[in-house]
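input-v5.cif follows (mmCIF, C-alpha atoms and all ligand atoms):
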```cif
data_my_file
loop_
_atom_site.label_atom_id
_atom_site.label_comp_id
_atom_site.auth_asym_id
_atom_site.auth_seq_id
_atom_site.Cartn_x
_atom_site.Cartn_y
_atom_site.Cartn_z
CA MET A 100 -155.76 -59.85 -3.35
CA THR A 101 -155.40 -56.96 -0.91
CA LEU A 102 -157.92 -54.18 -1.03
CA ARG A 103 -157.03 -50.75 0.33
CA ILE A 104 -160.65 -49.85 1.00
CA GLY A 105 -163.90 -51.73 1.17
CA CYS A 106 -167.29 -50.10 0.97
CA THR A 107 -170.91 -51.06 1.51
CA ALA A 108 -173.50 -48.91 -0.27
CA ASP A 109 -177.16 -48.89 0.78
CA ASP A 110 -178.53 -48.98 -2.78
CA PHE A 111 -177.37 -49.99 -6.28
CA THR A 112 -177.17 -46.54 -7.84
CA GLY A 113 -175.42 -45.24 -4.72
CA GLY A 114 -172.96 -48.08 -5.21
CA THR A 115 -172.20 -46.93 -8.75
CA ASP A 116 -171.83 -43.34 -7.54
CA VAL A 117 -169.32 -44.19 -4.78
CA ALA A 118 -167.42 -46.63 -7.03
CA ALA A 119 -167.02 -43.83 -9.60
CA ALA A 120 -165.74 -41.57 -6.78
CA PHE A 121 -163.02 -44.07 -5.74
CA ARG A 122 -161.99 -44.46 -9.35
CA ARG A 123 -161.78 -40.67 -9.82
CA ALA A 124 -159.39 -40.69 -6.87
CA GLY A 125 -157.16 -43.08 -8.82
CA LEU A 126 -158.16 -46.41 -7.27
CA ARG A 127 -158.80 -49.48 -9.42
CA THR A 128 -162.33 -50.21 -8.24
CA ALA A 129 -164.75 -53.12 -8.44
CA LEU A 130 -168.49 -53.00 -7.85
CA VAL A 131 -170.23 -56.09 -6.50
CA PHE A 132 -174.03 -56.46 -6.67
CA GLY A 133 -175.72 -57.88 -3.58
CA VAL A 134 -174.23 -59.73 -0.62
CA PRO A 135 -171.17 -61.56 -1.93
CA ASP A 136 -170.57 -65.25 -1.28
CA GLY A 137 -167.69 -67.65 -1.70
CA ALA A 138 -168.28 -67.73 -5.47
CA THR A 139 -168.00 -63.93 -5.90
CA ALA A 140 -164.72 -63.18 -7.66
CA LEU A 141 -163.22 -59.69 -7.90
CA PRO A 142 -161.39 -58.52 -11.03
CA ALA A 143 -157.59 -58.74 -10.55
CA ASP A 144 -155.58 -56.11 -8.63
CA CYS A 145 -158.38 -53.95 -7.27
CA ASP A 146 -157.57 -51.23 -4.73
CA ALA A 147 -161.22 -50.70 -3.74
CA ALA A 148 -164.38 -52.80 -3.80
CA VAL A 149 -167.92 -51.55 -3.30
CA VAL A 150 -170.68 -53.95 -2.31
CA ALA A 151 -173.98 -52.46 -3.49
CA LEU A 152 -176.84 -53.57 -1.23
CA LYS A 153 -180.53 -52.78 -1.11
CA SER A 154 -180.51 -51.78 2.54
CA ARG A 155 -181.77 -48.18 2.56
CA SER A 156 -185.44 -48.89 3.14
CA THR A 157 -185.49 -52.53 4.25
CA PRO A 158 -186.23 -53.41 7.92
CA ALA A 159 -183.23 -52.41 10.09
CA ASP A 160 -182.35 -55.99 11.13
CA GLU A 161 -182.11 -57.08 7.47
CA ALA A 162 -180.00 -54.04 6.61
CA VAL A 163 -177.67 -54.83 9.53
CA ALA A 164 -177.34 -58.52 8.58
CA ASP A 165 -176.55 -57.73 4.93
CA SER A 166 -174.08 -54.98 5.85
CA LEU A 167 -172.23 -57.24 8.32
CA ALA A 168 -172.02 -60.01 5.71
CA ALA A 169 -170.60 -57.50 3.21
CA GLN A 170 -168.10 -56.24 5.82
CA ARG A 171 -166.89 -59.80 6.57
CA TRP A 172 -166.42 -60.45 2.88
CA LEU A 173 -164.55 -57.16 2.37
CA TRP A 174 -162.26 -58.05 5.27
CA SER A 175 -161.66 -61.46 3.69
CA GLN A 176 -160.47 -59.60 0.57
CA GLY A 177 -157.96 -57.61 2.65
CA ALA A 178 -159.84 -54.34 3.28
CA ALA A 179 -158.70 -52.72 6.54
CA GLN A 180 -161.32 -49.98 6.37
CA VAL A 181 -165.00 -50.29 5.53
CA TYR A 182 -166.72 -47.16 4.27
CA PHE A 183 -170.49 -47.10 4.81
CA LYS A 184 -172.01 -45.15 1.88
CA TYR A 185 -175.47 -43.70 2.39
CA CYS A 186 -177.42 -40.98 0.64
CA SER A 187 -176.14 -37.39 0.59
CA THR A 188 -179.55 -36.34 1.92
CA PHE A 189 -179.23 -38.78 4.85
CA ASP A 190 -182.32 -40.77 3.70
CA SER A 191 -183.45 -42.63 6.82
CA THR A 192 -186.14 -42.72 9.49
CA ALA A 193 -186.10 -42.77 13.29
CA GLN A 194 -185.85 -46.60 12.99
CA GLY A 195 -182.75 -46.38 10.79
CA ASN A 196 -181.08 -47.61 8.86
CA ILE A 197 -178.02 -45.36 9.16
CA GLY A 198 -177.59 -45.56 12.97
CA PRO A 199 -178.17 -49.32 13.36
CA VAL A 200 -175.91 -50.22 10.42
CA ALA A 201 -173.10 -47.87 11.53
CA ASP A 202 -173.27 -49.24 15.10
CA ALA A 203 -173.21 -52.85 13.89
CA LEU A 204 -170.23 -52.26 11.57
CA MET A 205 -168.38 -50.51 14.43
CA ASP A 206 -169.17 -53.24 16.98
CA ALA A 207 -167.93 -55.93 14.60
CA ALA A 208 -164.74 -53.95 13.93
CA GLY A 209 -164.17 -53.06 17.59
CA ALA A 210 -164.22 -49.37 16.63
CA ALA A 211 -164.70 -46.78 19.39
CA VAL A 212 -165.43 -43.79 17.15
CA THR A 213 -166.47 -43.05 13.59
CA LEU A 214 -166.78 -39.95 11.45
CA HIS A 215 -169.83 -39.16 9.32
CA CYS A 216 -170.08 -36.60 6.55
CA PRO A 217 -172.82 -36.80 3.89
CA ALA A 218 -171.63 -33.63 2.08
CA SER A 219 -171.49 -33.79 -1.72
CA PRO A 220 -170.52 -30.24 -2.76
CA PRO A 221 -170.82 -30.77 -6.56
CA ASN A 222 -174.49 -31.71 -5.94
CA GLY A 223 -175.09 -28.83 -3.57
CA ARG A 224 -175.10 -30.96 -0.40
CA THR A 225 -173.08 -29.29 2.37
CA VAL A 226 -172.87 -29.65 6.15
CA TYR A 227 -172.50 -26.63 8.41
CA GLN A 228 -172.78 -26.68 12.23
CA GLY A 229 -174.04 -30.24 11.80
CA HIS A 230 -176.94 -29.09 9.61
CA LEU A 231 -177.45 -30.51 6.13
CA PHE A 232 -178.11 -28.10 3.29
CA VAL A 233 -179.43 -28.86 -0.21
CA HIS A 234 -178.10 -25.96 -2.30
CA ASP A 235 -179.31 -22.79 -0.53
CA GLN A 236 -181.97 -24.53 1.58
CA LEU A 237 -181.92 -26.51 4.78
CA LEU A 238 -182.75 -30.17 4.05
CA SER A 239 -186.06 -29.73 5.87
CA ASP A 240 -187.05 -26.84 3.56
CA SER A 241 -185.99 -28.68 0.39
CA PRO A 242 -188.20 -30.91 -1.80
CA LEU A 243 -186.78 -33.90 0.15
CA ARG A 244 -189.31 -33.14 2.87
CA HIS A 245 -191.84 -34.76 0.49
CA HIS A 246 -189.75 -37.89 -0.31
CA PRO A 247 -192.17 -40.83 -0.82
CA LEU A 248 -190.27 -43.30 1.42
CA ASN A 249 -188.11 -41.19 3.75
CA PRO A 250 -189.50 -37.64 4.14
CA MET A 251 -186.69 -35.52 5.64
CA THR A 252 -188.28 -32.94 7.93
CA ASP A 253 -185.28 -32.17 10.16
CA SER A 254 -181.89 -30.81 9.04
CA SER A 255 -179.92 -31.41 12.21
CA LEU A 256 -177.71 -34.45 11.63
CA PRO A 257 -176.94 -34.91 15.37
CA ARG A 258 -180.68 -34.97 16.10
CA LEU A 259 -181.45 -37.32 13.19
CA LEU A 260 -178.66 -39.71 14.13
CA SER A 261 -179.34 -39.56 17.89
CA ALA A 262 -182.83 -40.93 17.18
CA GLN A 263 -181.20 -43.95 15.51
CA THR A 264 -178.49 -44.85 18.04
CA ARG A 265 -178.18 -45.10 21.83
CA HIS A 266 -174.62 -43.73 21.62
CA ARG A 267 -173.42 -40.12 21.91
CA VAL A 268 -173.21 -37.91 18.82
CA ALA A 269 -171.16 -34.71 18.38
CA VAL A 270 -169.98 -32.29 15.67
CA ILE A 271 -166.56 -31.21 14.40
CA ASP A 272 -167.10 -27.69 13.12
CA ARG A 273 -165.82 -26.04 9.95
CA PRO A 274 -163.08 -23.94 11.62
CA THR A 275 -161.53 -27.18 12.94
CA VAL A 276 -161.76 -28.80 9.49
CA ARG A 277 -160.11 -25.70 7.97
CA ARG A 278 -157.16 -26.17 10.35
CA GLY A 279 -156.35 -29.47 8.63
CA ALA A 280 -156.15 -33.24 9.13
CA ASP A 281 -154.14 -33.10 12.39
CA ALA A 282 -156.71 -30.80 13.99
CA VAL A 283 -159.50 -33.18 12.93
CA ARG A 284 -157.59 -36.20 14.30
CA LYS A 285 -157.13 -34.41 17.64
CA ALA A 286 -160.81 -33.50 17.78
CA LEU A 287 -161.76 -37.11 17.02
CA LEU A 288 -159.53 -38.34 19.83
CA ALA A 289 -161.03 -35.85 22.28
CA HIS A 290 -164.54 -36.98 21.31
CA GLU A 291 -163.54 -40.62 21.68
CA GLN A 292 -162.17 -39.92 25.19
CA ALA A 293 -165.49 -38.24 26.04
CA GLU A 294 -167.23 -41.46 24.89
CA VAL A 295 -168.76 -39.87 21.83
CA ARG A 296 -169.14 -42.61 19.23
CA HIS A 297 -170.53 -40.80 16.16
CA VAL A 298 -168.81 -37.60 15.09
CA ILE A 299 -170.42 -35.53 12.34
CA ALA A 300 -168.00 -33.30 10.45
CA ASP A 301 -168.85 -30.07 8.68
CA ALA A 302 -167.78 -29.79 5.02
CA LEU A 303 -168.57 -27.13 2.46
CA THR A 304 -166.05 -27.95 -0.27
CA ASP A 305 -164.12 -30.84 -1.83
CA GLU A 306 -161.02 -29.49 -0.04
CA ASP A 307 -162.80 -29.98 3.29
CA LEU A 308 -163.58 -33.57 2.27
CA ALA A 309 -159.93 -34.15 1.31
CA VAL A 310 -158.92 -33.02 4.83
CA LEU A 311 -161.49 -35.36 6.38
CA GLY A 312 -160.31 -38.21 4.12
CA ALA A 313 -156.70 -37.75 5.26
CA ALA A 314 -157.82 -37.57 8.90
CA THR A 315 -159.87 -40.79 8.78
CA LEU A 316 -157.66 -43.10 6.72
CA GLU A 317 -156.87 -45.21 9.80
CA LEU A 318 -160.42 -45.54 11.18
CA PRO A 319 -161.94 -49.03 10.74
CA VAL A 320 -165.38 -47.59 9.84
CA VAL A 321 -166.17 -44.24 8.19
CA ALA A 322 -169.58 -43.16 6.89
CA GLY A 323 -171.07 -40.68 4.46
CA ALA A 324 -171.81 -40.06 0.79
CA ALA A 325 -169.57 -40.32 -2.29
CA GLY A 326 -167.70 -37.06 -1.54
CA LEU A 327 -165.91 -38.27 1.59
CA ALA A 328 -165.16 -41.58 -0.15
CA GLU A 329 -163.33 -39.62 -2.85
CA GLY A 330 -161.47 -37.68 -0.12
CA ILE A 331 -160.32 -40.96 1.45
CA GLY A 332 -159.38 -42.31 -1.99
CA HIS A 333 -157.17 -39.27 -2.65
CA ALA A 334 -155.46 -39.76 0.71
CA CYS A 335 -154.63 -43.41 -0.06
CA PRO A 336 -150.88 -43.79 -0.60
CA THR A 337 -151.23 -45.82 -3.81
CA ALA A 338 -153.71 -43.48 -5.48
CA GLY A 339 -152.55 -42.64 -9.01
CA PRO A 340 -153.95 -42.62 -12.52
CA VAL A 341 -155.84 -45.80 -13.35
CA THR A 342 -154.39 -47.32 -16.49
CA ALA A 343 -154.80 -50.37 -18.70
CA GLU A 344 -158.57 -50.63 -18.57
CA PRO A 345 -160.45 -52.83 -20.99
CA ARG A 346 -162.30 -50.90 -23.63
CA PRO A 347 -164.31 -53.18 -25.89
CA SER A 348 -165.14 -51.55 -29.18
CA GLU A 349 -166.00 -54.76 -31.02
CA GLY A 350 -169.58 -55.98 -31.17
CA ARG A 351 -172.91 -54.25 -31.23
CA ALA A 352 -174.24 -51.53 -28.95
CA ALA A 353 -177.70 -51.23 -27.37
CA VAL A 354 -179.66 -49.18 -24.85
CA LEU A 355 -182.37 -50.77 -22.71
CA ALA A 356 -184.50 -48.18 -20.93
CA GLY A 357 -187.08 -48.93 -18.24
CA SER A 358 -186.84 -45.57 -16.49
CA CYS A 359 -189.69 -43.11 -16.96
CA SER A 360 -187.74 -40.24 -15.38
CA ALA A 361 -187.75 -36.91 -17.18
CA ARG A 362 -184.06 -37.11 -18.08
CA THR A 363 -184.36 -40.61 -19.55
CA LEU A 364 -187.30 -39.46 -21.68
CA GLU A 365 -185.11 -36.59 -22.98
CA GLN A 366 -182.24 -39.00 -23.71
CA THR A 367 -184.62 -41.30 -25.57
CA ALA A 368 -185.97 -38.39 -27.64
CA GLN A 369 -182.45 -37.22 -28.46
CA PHE A 370 -181.45 -40.73 -29.64
CA HIS A 371 -184.51 -40.84 -31.88
CA ALA A 372 -183.86 -37.33 -33.22
CA ALA A 373 -180.30 -38.37 -34.12
CA GLY A 374 -181.88 -40.82 -36.63
CA LEU A 375 -180.86 -43.95 -34.69
CA PRO A 376 -183.15 -47.00 -34.57
CA SER A 377 -185.45 -47.29 -31.56
CA LEU A 378 -188.29 -49.59 -30.57
CA HIS A 379 -190.97 -49.00 -27.94
CA LEU A 380 -192.17 -52.11 -26.09
CA ASP A 381 -195.91 -52.62 -25.78
CA VAL A 382 -196.23 -53.54 -22.10
CA LEU A 383 -199.99 -54.17 -22.25
CA ALA A 384 -199.59 -56.51 -25.25
CA ALA A 385 -196.88 -58.43 -23.39
CA ALA A 386 -199.16 -58.72 -20.35
CA ALA A 387 -201.90 -60.05 -22.67
CA GLY A 388 -199.56 -62.83 -23.83
CA ARG A 389 -198.17 -61.49 -27.13
CA ASP A 390 -194.54 -62.48 -27.83
CA VAL A 391 -193.19 -58.93 -27.49
CA THR A 392 -189.68 -60.25 -26.75
CA GLY A 393 -189.60 -62.33 -29.95
CA GLU A 394 -190.83 -59.35 -31.99
CA ALA A 395 -188.16 -57.11 -30.45
CA LEU A 396 -185.41 -59.62 -31.24
CA ALA A 397 -186.60 -59.92 -34.86
CA TRP A 398 -186.57 -56.10 -35.08
CA TYR A 399 -183.03 -56.03 -33.66
CA GLU A 400 -181.78 -58.58 -36.22
CA ALA A 401 -183.13 -56.38 -39.03
CA GLN A 402 -181.17 -53.27 -37.95
CA ASP A 403 -177.82 -52.08 -39.34
CA PRO A 404 -175.26 -53.76 -37.00
CA ALA A 405 -173.02 -50.67 -37.19
CA LEU A 406 -175.63 -48.56 -35.38
CA PRO A 407 -176.56 -48.63 -31.69
CA VAL A 408 -180.21 -49.54 -31.05
CA LEU A 409 -182.58 -48.42 -28.31
CA ILE A 410 -185.33 -50.63 -26.88
CA HIS A 411 -187.46 -48.95 -24.27
CA ALA A 412 -190.53 -49.34 -22.13
CA SER A 413 -190.17 -45.75 -20.94
CA ALA A 414 -193.49 -43.99 -20.99
CA ALA A 415 -194.54 -40.39 -20.49
CA PRO A 416 -196.65 -39.83 -17.34
CA GLU A 417 -200.10 -40.24 -19.04
CA GLU A 418 -199.16 -43.51 -20.77
CA LEU A 419 -197.54 -44.82 -17.59
CA ALA A 420 -200.65 -44.00 -15.58
CA ALA A 421 -202.84 -45.83 -18.12
CA VAL A 422 -200.68 -48.99 -18.02
CA GLN A 423 -200.54 -48.91 -14.22
CA ALA A 424 -204.31 -48.42 -13.98
CA GLN A 425 -204.87 -51.51 -16.11
CA LEU A 426 -202.19 -53.86 -14.67
CA GLY A 427 -201.54 -52.43 -11.20
CA VAL A 428 -198.25 -50.69 -10.34
CA THR A 429 -196.42 -53.81 -9.13
CA GLU A 430 -197.53 -56.05 -11.99
CA ALA A 431 -196.67 -53.37 -14.58
CA ALA A 432 -193.16 -52.98 -13.14
CA ALA A 433 -192.66 -56.77 -12.94
CA GLN A 434 -193.76 -57.09 -16.59
CA VAL A 435 -191.31 -54.41 -17.74
CA GLU A 436 -188.43 -55.79 -15.70
CA GLU A 437 -189.04 -59.32 -17.01
CA LEU A 438 -189.13 -58.05 -20.62
CA LEU A 439 -185.96 -55.97 -20.31
CA GLY A 440 -184.07 -58.64 -18.33
CA THR A 441 -184.84 -61.29 -20.94
CA LEU A 442 -183.94 -58.93 -23.77
CA ALA A 443 -180.61 -58.09 -22.08
CA SER A 444 -179.49 -61.71 -21.98
CA GLN A 445 -180.80 -62.42 -25.49
CA LEU A 446 -179.04 -59.36 -26.93
CA VAL A 447 -175.73 -60.21 -25.28
CA GLY A 448 -176.15 -63.75 -26.67
CA ARG A 449 -176.59 -62.15 -30.11
CA GLY A 450 -173.41 -60.11 -29.99
CA VAL A 451 -174.16 -56.91 -28.05
CA ARG A 452 -170.94 -55.96 -26.24
CA ARG A 453 -171.79 -52.41 -25.14
CA LEU A 454 -175.01 -52.20 -23.17
CA LEU A 455 -176.42 -49.07 -21.56
CA VAL A 456 -179.26 -49.58 -19.07
CA ALA A 457 -181.45 -46.68 -17.92
CA GLY A 458 -183.24 -46.99 -14.56
CA GLY A 459 -182.23 -48.11 -11.06
CA GLU A 460 -184.75 -50.95 -10.73
CA THR A 461 -184.26 -51.80 -14.39
CA SER A 462 -180.49 -52.08 -13.84
CA GLY A 463 -181.11 -54.52 -10.97
CA ALA A 464 -183.31 -56.67 -13.24
CA VAL A 465 -180.71 -56.65 -16.05
CA ILE A 466 -177.81 -57.52 -13.72
CA THR A 467 -179.80 -60.45 -12.32
CA ALA A 468 -180.82 -61.69 -15.78
CA LEU A 469 -177.21 -61.51 -17.02
CA GLY A 470 -175.92 -63.30 -13.91
CA VAL A 471 -173.38 -60.50 -13.38
CA ARG A 472 -172.05 -60.43 -9.80
CA ALA A 473 -169.06 -58.04 -10.04
CA VAL A 474 -167.83 -55.42 -12.50
CA LEU A 475 -164.69 -53.34 -12.89
CA VAL A 476 -165.42 -49.61 -12.86
CA GLY A 477 -164.11 -47.58 -15.79
CA GLU A 478 -164.27 -44.07 -17.16
CA GLU A 479 -167.28 -41.87 -16.44
CA ALA A 480 -169.31 -40.70 -19.42
CA ASP A 481 -171.06 -38.18 -17.15
CA PRO A 482 -170.72 -37.53 -13.40
CA GLY A 483 -171.73 -40.67 -11.49
CA VAL A 484 -172.27 -42.65 -14.72
CA PRO A 485 -169.20 -44.81 -15.39
CA TRP A 486 -168.67 -47.55 -17.92
CA THR A 487 -168.17 -50.85 -16.13
CA TYR A 488 -166.74 -54.11 -17.40
CA ALA A 489 -168.12 -57.56 -16.73
CA ALA A 490 -167.06 -61.04 -17.76
CA THR A 491 -170.05 -63.00 -19.10
CA GLU A 492 -170.43 -66.46 -20.61
CA HIS A 493 -170.39 -64.72 -24.01
CA GLY A 494 -167.19 -62.75 -23.35
CA ASP A 495 -166.37 -59.29 -22.01
CA LEU A 496 -169.23 -56.84 -21.80
CA ALA A 497 -169.10 -53.06 -21.31
CA LEU A 498 -172.07 -52.13 -19.17
CA MET A 499 -173.34 -48.68 -18.20
CA LEU A 500 -175.99 -48.62 -15.46
CA LYS A 501 -177.59 -45.25 -14.93
CA SER A 502 -180.15 -44.00 -12.52
CA GLY A 503 -183.14 -42.50 -14.36
CA ASN A 504 -182.32 -38.84 -13.82
CA PHE A 505 -178.54 -39.11 -14.36
CA GLY A 506 -176.53 -38.09 -17.42
CA ALA A 507 -176.76 -35.27 -19.96
CA PRO A 508 -179.55 -35.35 -22.58
CA ASP A 509 -177.12 -36.66 -25.26
CA LEU A 510 -175.67 -39.43 -23.05
CA PHE A 511 -177.01 -42.35 -25.13
CA THR A 512 -175.59 -41.19 -28.45
CA ARG A 513 -172.34 -39.89 -26.96
CA ALA A 514 -171.60 -43.00 -24.88
CA LEU A 515 -172.36 -45.41 -27.72
CA ARG A 516 -170.51 -43.57 -30.47
CA THR A 517 -168.35 -46.12 -32.28
CA THR A 518 -164.57 -45.85 -32.05
CA ALA A 519 -164.39 -44.78 -35.69
CA GLU A 520 -166.68 -41.80 -35.03
CA GLU A 521 -164.85 -40.61 -31.93
CA PRO A 522 -163.35 -37.14 -32.09
CA LYS A 523 -159.57 -37.26 -32.40
P1 LIG B 1 -185.59 -44.67 -12.26
O1 LIG B 1 -184.13 -44.84 -12.02
O2 LIG B 1 -185.91 -43.58 -13.23
O3 LIG B 1 -186.40 -44.60 -10.99
P2 LIG B 1 -186.37 -47.42 -12.45
O4 LIG B 1 -185.96 -48.46 -13.44
O5 LIG B 1 -185.79 -47.55 -11.06
O6 LIG B 1 -186.05 -45.99 -13.05
O7 LIG B 1 -187.94 -47.40 -12.24
C1 LIG B 1 -188.83 -47.29 -13.31
C2 LIG B 1 -189.98 -48.26 -13.03
O8 LIG B 1 -191.02 -48.00 -13.96
C3 LIG B 1 -189.54 -49.71 -13.21
O9 LIG B 1 -190.03 -50.48 -12.13
C4 LIG B 1 -190.22 -50.10 -14.51
O10 LIG B 1 -190.51 -51.46 -14.52
C5 LIG B 1 -191.45 -49.23 -14.53
N1 LIG B 1 -191.91 -48.97 -15.91
C6 LIG B 1 -191.17 -48.60 -16.96
N2 LIG B 1 -191.89 -48.45 -18.07
C7 LIG B 1 -193.16 -48.75 -17.74
C8 LIG B 1 -194.39 -48.79 -18.48
N3 LIG B 1 -194.43 -48.49 -19.78
N4 LIG B 1 -195.48 -49.11 -17.80
C9 LIG B 1 -195.43 -49.41 -16.50
N5 LIG B 1 -194.32 -49.41 -15.74
C10 LIG B 1 -193.19 -49.07 -16.36
#
```

As structure tokens, the full file:
Amino acid sequence: MTLRIGCTADDFTGGTDVAAAFRRAGLRTALVFGVPDGATALPADCDAAVVALKSRSTPADEAVADSLAAQRWLWSQGAAQVYFKYCSTFDSTAQGNIGPVADALMDAAGAAVTLHCPASPPNGRTVYQGHLFVHDQLLSDSPLRHHPLNPMTDSSLPRLLSAQTRHRVAVIDRPTVRRGADAVRKALLAHEQAEVRHVIADALTDEDLAVLGAATLELPVVAGAAGLAEGIGHACPTAGPVTAEPRPSEGRAAVLAGSCSARTLEQTAQFHAAGLPSLHLDVLAAAAGRDVTGEALAWYEAQDPALPVLIHASAAPEELAAVQAQLGVTEAAAQVEELLGTLASQLVGRGVRRLLVAGGETSGAVITALGVRAVLVGEEADPGVPWTYAATEHGDLALMLKSGNFGAPDLFTRALRTTAEEPK
């Protein structure tokens, strides 16, 4: 087993996003959930492995410990480079965790310099003169200034990062990037000689990120969002079309939705409008002790096995507020996650082989309930939403884990179309 690239991602959905980026670049990619241990096995012949952590908003020392454990494991699998994937809006605070984690990964690797670029041009995130833009606005003017956990009120990446590290920070500007990979390598060397440790690179386009990828292929630690990861993937010598992926079409299909995001509510409505069977879970009844899981399984058994089914807790804002007022926010979420986790393992035990899960936290609960540690990343149904493949005690399972607001409104019906219905 020799990986070309290893990656740590600071949250689960970010892990899926960066894994999809490596795969788009032609690398056979695995996604591992949580800090791996000796029992974590990768699918055969992977070029890239992403370890998805929950280290974005945890205390910095925990984030550092988890990231170092992931790095050691990636090295043990043969990865020469470790890519540190964080959010394209640089979600962090003055305490971290981007600076402390990057410094720790570099110290462990003996790296003198690293390059950062959080640009993600398809999502409107660009970096110019070291400033981060969200579409046509500076980060600090964008809605991210009101983020509930990490409000971003400064757009200057050197300033943001300098608050999180004791080392020197500098910028490689766009004209240098436009001159190509050799110019970027020379600039990196000059910064390294001037004892700059963190170099932030401008990037406005995917071409810029391809240049940065080619320039950083040899660095032991590189950091940024999914865009630069794809640039590095394209620069990898073995990158080519990924072939021979599993594609299970046998067995039943189901959606489990715990996300209440606007896009998930649209996808749920579209599934219902297409005349497909759906069931809404009564969270309050479950909290009061009714066997909502047993009722849902009986409902599932009564459906036409040829059709995908949807089981959801998703609630519109008023209903959600009412449930949360009665149970408390934490208890309501725990109730929903317990219900959907149990249903996931029961459904797979009853023959579901294609399972789509809507919601970041919900995906974490389902992965844990299924005991899934690592998946192989397959084709994307929508940007950042790939099919993945897991081996379970019941056989191979195709799993799609989507963040609440991801995917087009018809994602559920399109992704779960049976082979027979697929357009030729
Ligand atoms: P997203 O990716 O959209 O943020 P998540 O799954 O991460 O979705 O978060 C949705 C949260 O809302 C979960 O913690 C889930 O348990 C909770 N939730 C879902 N449905 C309900 C409901 N009907 N009542 C209360 N909480 C709910």

Sel. within 10 Å of pt (-178.0, -42.2, 1.9), counting only C-alpha atoms, output as an NGL selection string: :A and (108-110 or 113 or 154-155 or 183-191 or 196-197 or 217 or 322-325)

Those same residues - C-alpha atoms - I'd like them written as a CSV table (one decimal), keeping the file's coordinate frame.
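The resulting file, result38.csv, is shown below:
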```csv
chain,number,residue,atom,x,y,z
A,108,ALA,CA,-173.5,-48.9,-0.3
A,109,ASP,CA,-177.2,-48.9,0.8
A,110,ASP,CA,-178.5,-49.0,-2.8
A,113,GLY,CA,-175.4,-45.2,-4.7
A,154,SER,CA,-180.5,-51.8,2.5
A,155,ARG,CA,-181.8,-48.2,2.6
A,183,PHE,CA,-170.5,-47.1,4.8
A,184,LYS,CA,-172.0,-45.2,1.9
A,185,TYR,CA,-175.5,-43.7,2.4
A,186,CYS,CA,-177.4,-41.0,0.6
A,187,SER,CA,-176.1,-37.4,0.6
A,188,THR,CA,-179.6,-36.3,1.9
A,189,PHE,CA,-179.2,-38.8,4.8
A,190,ASP,CA,-182.3,-40.8,3.7
A,191,SER,CA,-183.4,-42.6,6.8
A,196,ASN,CA,-181.1,-47.6,8.9
A,197,ILE,CA,-178.0,-45.4,9.2
A,217,PRO,CA,-172.8,-36.8,3.9
A,322,ALA,CA,-169.6,-43.2,6.9
A,323,GLY,CA,-171.1,-40.7,4.5
A,324,ALA,CA,-171.8,-40.1,0.8
A,325,ALA,CA,-169.6,-40.3,-2.3
```

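Taking all atoms listed in the file into account, Leu426 of chain A lies nearest to A:Ala386 out of the set A:Leu167, A:Leu496, A:Ala395, A:Ala386.
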
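Near ligand LIG 1 (chain B), at a distance of at most 6 Å and with all atoms listed in the file counted, sit the residues Gly357, Ser358, Cys359, Ser360, Val382, Ala412, Ser413, Ala414, Leu419, Val422, Gln423, Ala431, Ala432, Ala433, Val435, Glu436, Gly458, Gly459, Glu460, Thr461, Ser502, Gly503 and Asn504 of chain A.
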
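Taking atom CA of Ala405 of chain A and atom CA of Gly450 of chain A as endpoints, the distance between them is 11.9 Å.
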
Could you list, as a PyMOL selection string, every residue within 7 Å of Val283 of chain A, counting all atoms listed in the file and ignoring same-chain residues fewer than 6 positions away? chain A and resi 275-276+314

Quick one: residues within 9 Å of Tyr399 of chain A, only C-alpha atoms, excluding same-chain residues fewer than 6 positions away - as a list in words? Leu378, Val408, Ile410 and Leu446 of chain A

Which one of A:His371, A:His493, A:His234, A:Arg449 sits closest to Ser219 of chain A if you count all atoms listed in the file? A:His234

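For the atom pair formed by atom CA of Gln194 of chain A and atom CA of His215 of chain A, the distance is 18.0 Å, given to one decimal.
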
Can I get a file of segment 472-490 of chain A from the given structure, C-alpha atoms kept, as an mmCIF file, in the first residue's frame?
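Printed below is part_31.cif as written:
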```
data_model
loop_
_atom_site.group_PDB
_atom_site.id
_atom_site.type_symbol
_atom_site.label_atom_id
_atom_site.label_comp_id
_atom_site.auth_asym_id
_atom_site.auth_seq_id
_atom_site.Cartn_x
_atom_site.Cartn_y
_atom_site.Cartn_z
ATOM 1 C CA ARG A 472 -14.540 3.353 9.201
ATOM 2 C CA ALA A 473 -13.391 3.828 5.576
ATOM 3 C CA VAL A 474 -15.060 4.178 2.180
ATOM 4 C CA LEU A 475 -13.884 4.292 -1.418
ATOM 5 C CA VAL A 476 -14.916 7.499 -3.171
ATOM 6 C CA GLY A 477 -16.815 7.135 -6.439
ATOM 7 C CA GLU A 478 -18.583 9.268 -8.991
ATOM 8 C CA GLU A 479 -20.139 12.581 -7.969
ATOM 9 C CA ALA A 480 -23.891 12.929 -8.410
ATOM 10 C CA ASP A 481 -23.531 16.693 -7.870
ATOM 11 C CA PRO A 482 -20.469 18.826 -7.074
ATOM 12 C CA GLY A 483 -19.006 17.719 -3.725
ATOM 13 C CA VAL A 484 -21.558 14.888 -3.374
ATOM 14 C CA PRO A 485 -19.935 11.611 -4.442
ATOM 15 C CA TRP A 486 -21.181 8.066 -4.106
ATOM 16 C CA THR A 487 -18.912 6.150 -1.760
ATOM 17 C CA TYR A 488 -18.537 2.424 -1.245
ATOM 18 C CA ALA A 489 -18.232 0.648 2.075
ATOM 19 C CA ALA A 490 -17.850 -2.978 3.067
#
```
